[in-house]
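**Student:** Structure: entry-v9.txt, compact mmCIF, C-alpha atoms.
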# COMPACT_ATOMS: atom_id res chain seq x y z
CA VAL A 25 19.22 -15.17 -7.50
CA ARG A 26 18.52 -17.85 -4.89
CA ARG A 27 19.79 -15.65 -2.02
CA TRP A 28 17.73 -12.71 -3.25
CA SER A 29 14.66 -14.93 -3.54
CA ASP A 30 15.14 -16.34 -0.03
CA LYS A 31 15.68 -12.86 1.43
CA THR A 32 12.58 -11.54 -0.33
CA GLN A 33 10.49 -14.47 0.93
CA LYS A 34 11.63 -13.82 4.50
CA LYS A 35 10.71 -10.14 4.16
CA MET A 36 7.27 -11.02 2.80
CA ASP A 37 6.67 -13.48 5.64
CA LYS A 38 7.75 -10.86 8.18
CA ALA A 39 5.46 -8.27 6.59
CA VAL A 40 2.46 -10.61 6.73
CA ARG A 41 3.09 -11.38 10.41
CA LYS A 42 3.53 -7.71 11.35
CA ILE A 43 0.51 -6.55 9.33
CA ALA A 44 -1.65 -9.26 10.94
CA LEU A 45 -0.47 -8.25 14.42
CA ASP A 46 -1.08 -4.55 13.77
CA VAL A 47 -4.49 -5.09 12.16
CA PHE A 48 -5.72 -7.48 14.83
CA SER A 49 -4.36 -5.28 17.62
CA ASN A 50 -6.31 -2.38 16.14
CA VAL A 51 -9.54 -4.42 16.19
CA ILE A 52 -8.89 -5.46 19.79
CA LEU A 53 -8.18 -1.92 21.00
CA LEU A 54 -11.25 -0.54 19.23
CA SER A 55 -13.44 -3.14 20.93
CA PRO A 56 -15.73 -1.70 23.61
CA VAL A 57 -15.14 -2.73 27.20
CA ASP A 58 -17.68 -3.34 29.91
CA THR A 59 -16.42 -6.44 31.70
CA GLY A 60 -13.66 -7.28 29.21
CA ARG A 61 -15.34 -10.47 28.01
CA PHE A 62 -15.81 -9.15 24.49
CA ARG A 63 -12.15 -8.18 24.12
CA GLY A 64 -11.13 -11.49 25.64
CA ASN A 65 -13.14 -13.43 23.08
CA TRP A 66 -11.18 -12.37 20.03
CA GLN A 67 -9.71 -15.63 18.77
CA PRO A 68 -6.85 -15.68 16.26
CA ALA A 69 -6.13 -18.78 14.19
CA VAL A 70 -4.25 -19.84 11.08
CA GLY A 71 -5.90 -22.00 8.44
CA ARG A 72 -9.39 -22.09 9.91
CA ALA A 73 -11.63 -19.90 12.02
CA MET A 74 -12.18 -20.86 15.63
CA ALA A 75 -15.66 -21.96 16.67
CA GLY A 76 -17.43 -21.23 19.94
CA THR A 77 -16.68 -18.75 22.67
CA ILE A 78 -14.14 -18.77 25.46
CA GLU A 79 -14.40 -17.65 29.09
CA ALA A 80 -11.55 -15.14 28.83
CA VAL A 81 -11.91 -11.67 30.33
CA ASP A 82 -9.31 -9.18 29.09
CA PRO A 83 -10.26 -5.53 29.66
CA SER A 84 -6.89 -4.20 28.49
CA GLY A 85 -6.61 -6.50 25.49
CA ALA A 86 -3.03 -7.40 26.45
CA THR A 87 -3.64 -11.12 26.83
CA VAL A 88 -5.44 -11.55 23.53
CA THR A 89 -2.86 -9.34 21.76
CA ALA A 90 -0.13 -11.65 23.09
CA LYS A 91 -2.16 -14.60 21.79
CA VAL A 92 -2.29 -12.95 18.35
CA GLN A 93 1.48 -12.52 18.43
CA THR A 94 2.01 -16.18 19.37
CA THR A 95 -0.47 -17.40 16.76
CA THR A 96 1.13 -15.40 13.94
CA GLN A 97 4.77 -16.22 14.77
CA GLY A 98 5.06 -18.96 12.17
CA VAL A 99 2.83 -17.39 9.53
CA LYS A 100 4.13 -17.20 5.99
CA ALA A 101 2.93 -15.18 2.99
CA GLY A 102 -0.05 -17.02 1.54
CA ASP A 103 -1.34 -18.38 4.85
CA VAL A 104 -4.93 -17.53 5.75
CA ILE A 105 -5.21 -15.87 9.15
CA PHE A 106 -8.52 -15.55 10.98
CA MET A 107 -9.67 -13.38 13.86
CA VAL A 108 -13.18 -14.10 15.12
CA ASN A 109 -15.35 -13.15 18.03
CA ASN A 110 -18.23 -15.60 18.38
CA LEU A 111 -20.08 -13.97 21.25
CA PRO A 112 -23.78 -13.66 20.37
CA TYR A 113 -23.68 -9.86 20.61
CA ALA A 114 -20.53 -9.36 18.51
CA GLN A 115 -22.43 -8.38 15.36
CA ARG A 116 -24.49 -5.83 17.28
CA LEU A 117 -21.29 -4.25 18.60
CA GLU A 118 -19.82 -4.17 15.10
CA ASP A 119 -23.01 -2.50 13.89
CA GLY A 120 -22.60 0.37 16.39
CA TRP A 121 -24.65 -0.86 19.36
CA SER A 122 -22.05 0.46 21.82
CA ARG A 123 -21.36 4.15 22.36
CA GLN A 124 -17.72 3.16 22.86
CA ALA A 125 -17.54 1.83 19.30
CA PRO A 126 -20.31 3.57 17.33
CA SER A 127 -18.64 2.74 14.01
CA GLY A 128 -17.67 -0.80 14.93
CA MET A 129 -14.20 -2.24 15.14
CA VAL A 130 -13.64 -4.37 12.07
CA ALA A 131 -15.08 -1.88 9.58
CA LEU A 132 -12.85 0.90 10.92
CA THR A 133 -9.82 -1.35 10.81
CA VAL A 134 -10.57 -2.32 7.21
CA GLN A 135 -10.51 1.39 6.36
CA ARG A 136 -7.12 1.67 8.08
CA PHE A 137 -5.66 -1.47 6.47
CA GLN A 138 -3.73 0.20 3.65
CA PRO A 139 -1.97 2.77 5.87
CA ILE A 140 -1.10 -0.03 8.32
CA ALA A 141 0.31 -2.19 5.52
CA ASP A 142 2.20 0.75 3.97
CA ALA A 143 3.84 1.58 7.32
CA VAL A 144 4.93 -2.03 7.86
CA ILE A 145 6.33 -2.33 4.34
CA ALA A 146 8.24 0.96 4.73
CA GLN A 147 9.66 -0.23 8.06
CA ILE A 148 10.83 -3.55 6.60
CA ALA A 149 12.29 -1.83 3.53
CA ALA A 150 14.24 0.55 5.79
CA GLU A 151 15.71 -2.40 7.67
CA GLY A 152 17.39 -3.51 4.44
Output the file's structure as structure tokens, nothing else.
**Tutor:**
Amino acid sequence: VRRWSDKTQKKMDKAVRKIALDVFSNVILLSPVDTGRFRGNWQPAVGRAMAGTIEAVDPSGATVTAKVQTTTQGVKAGDVIFMVNNLPYAQRLEDGWSRQAPSGMVALTVQRFQPIADAVIAQIAAEG
């Protein structure tokens, strides 16, 4: 029973990490790009939300996606994971201010959450 429990815990931890990466990557890629500052200001954290803005510019989203991957590496099931963008115009962009993201980023990703989670769980289950 102990081995089964340990194996199950490891699978749950892996699922949480992969779901977080996929969900946050989706938000990043849906983010509109002018200079890349908005994409670069997505800030992942575990345990508490980050405050303030950063001077990052990341038009492709690759740097911040790598940061998400690094941040979530040690995450376990039950941890609280945050992804914030504290730029003053972030809410306007989420509310459809940009023609590049007329339906926002976070709201669309929330709608896609269950299919993302289902795909990750199926992938982990297939791995055995």
**Student:** With a distance cut-off of 6 Å and all atoms listed in the file, select the neighbouring residues of region 114-129 of chain A, excluding the residue or stretch itself and same-chain residues fewer than 5 positions from it, and output the selection as a list in words.
**Tutor:**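 Non-adjacent residues within range: Val51, Leu54, Ser55 and Pro56 of chain A.
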**Student:** Just to confirm, what's the straight-line distance from CA of Ile78 (chain A) to CA of Gly60 (chain A) in Å (one decimal)?
**Tutor:** 12.1 Å
**Student:** Taking 2 positions as the minimum chain separation for residues in the same chain, which residues sit within 12 Å of Leu53 (chain A) when counting only C-alpha atoms? Answer as a VMD selection string.
**Tutor:** chain A and resid 45 to 51 55 to 57 60 62 to 64 66 82 to 89 124 to 125 128 to 130 132 to 133
**Student:** With only C-alpha atoms counted and 7 Å as the cut-off, give the residues of region 38-112 of chain A in contact with region 140-144 of chain A, each with its shortest interatomic distance in Å and the pair that gives it, as JSON lines.
**Tutor:**
{"residue": "A:Ala39", "atom": "CA", "partner": "A:Val144", "partner_atom": "CA", "distance": 6.4}
{"residue": "A:Lys42", "atom": "CA", "partner": "A:Val144", "partner_atom": "CA", "distance": 6.8}
{"residue": "A:Ile43", "atom": "CA", "partner": "A:Ala141", "partner_atom": "CA", "distance": 5.8}
**Student:** Nearest residue to Leu111 (chain A) out of A:Arg72, A:Lys91, A:Arg61, A:Arg41, using all atoms listed in the file?
**Tutor:**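 Residue with the minimum atom-to-atom distance to Leu111 (chain A): A:Arg61.
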**Student:** Just want the 9 Å neighbourhood of Ala69 (chain A), counted on only C-alpha atoms, with same-chain residues fewer than 5 positions away dropped. Output as a list in words.
**Tutor:**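 Selected residues are Met74, Val92, Thr95, Thr96, Val104, Ile105, Phe106, Met107 and Val108 of chain A.
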**Student:** By how many Å are CA of Ala150 (chain A) and CA of Pro68 (chain A) apart?
**Tutor:** 28.6 Å
**Student:** Dump as CSV the rows for residues of region 27-58 of chain A within 8 Å of region 97-103 of chain A: closest atom pair and distance in Å with one decimal, only C-alpha atoms counted, ordered by chain and rising residue number.
**Tutor:**
residue,atom,partner,partner_atom,distance
A:Gln33,CA,A:Ala101,CA,7.9
A:Met36,CA,A:Ala101,CA,6.0
A:Asp37,CA,A:Lys100,CA,4.5
A:Lys38,CA,A:Lys100,CA,7.6
A:Val40,CA,A:Ala101,CA,5.9
A:Arg41,CA,A:Val99,CA,6.1
**Student:** Do you have the CA of Ala75 (chain A)-CA of Asn109 (chain A) distance handy?
**Tutor:**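 Value for the CA of Ala75 (chain A)-CA of Asn109 (chain A) distance: 8.9 Å.
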**Student:** Go ahead and fit an axis-aligned box to every listed atom of region 119-137 of chain A plus 4 Å each side, and pass me the centre and edge lengths in Å, one decimal, as AutoDock Vina command-line options.
**Tutor:**
--center_x -15.2 --center_y -0.1 --center_z 14.6 --size_x 27.0 --size_y 16.5 --size_z 24.5
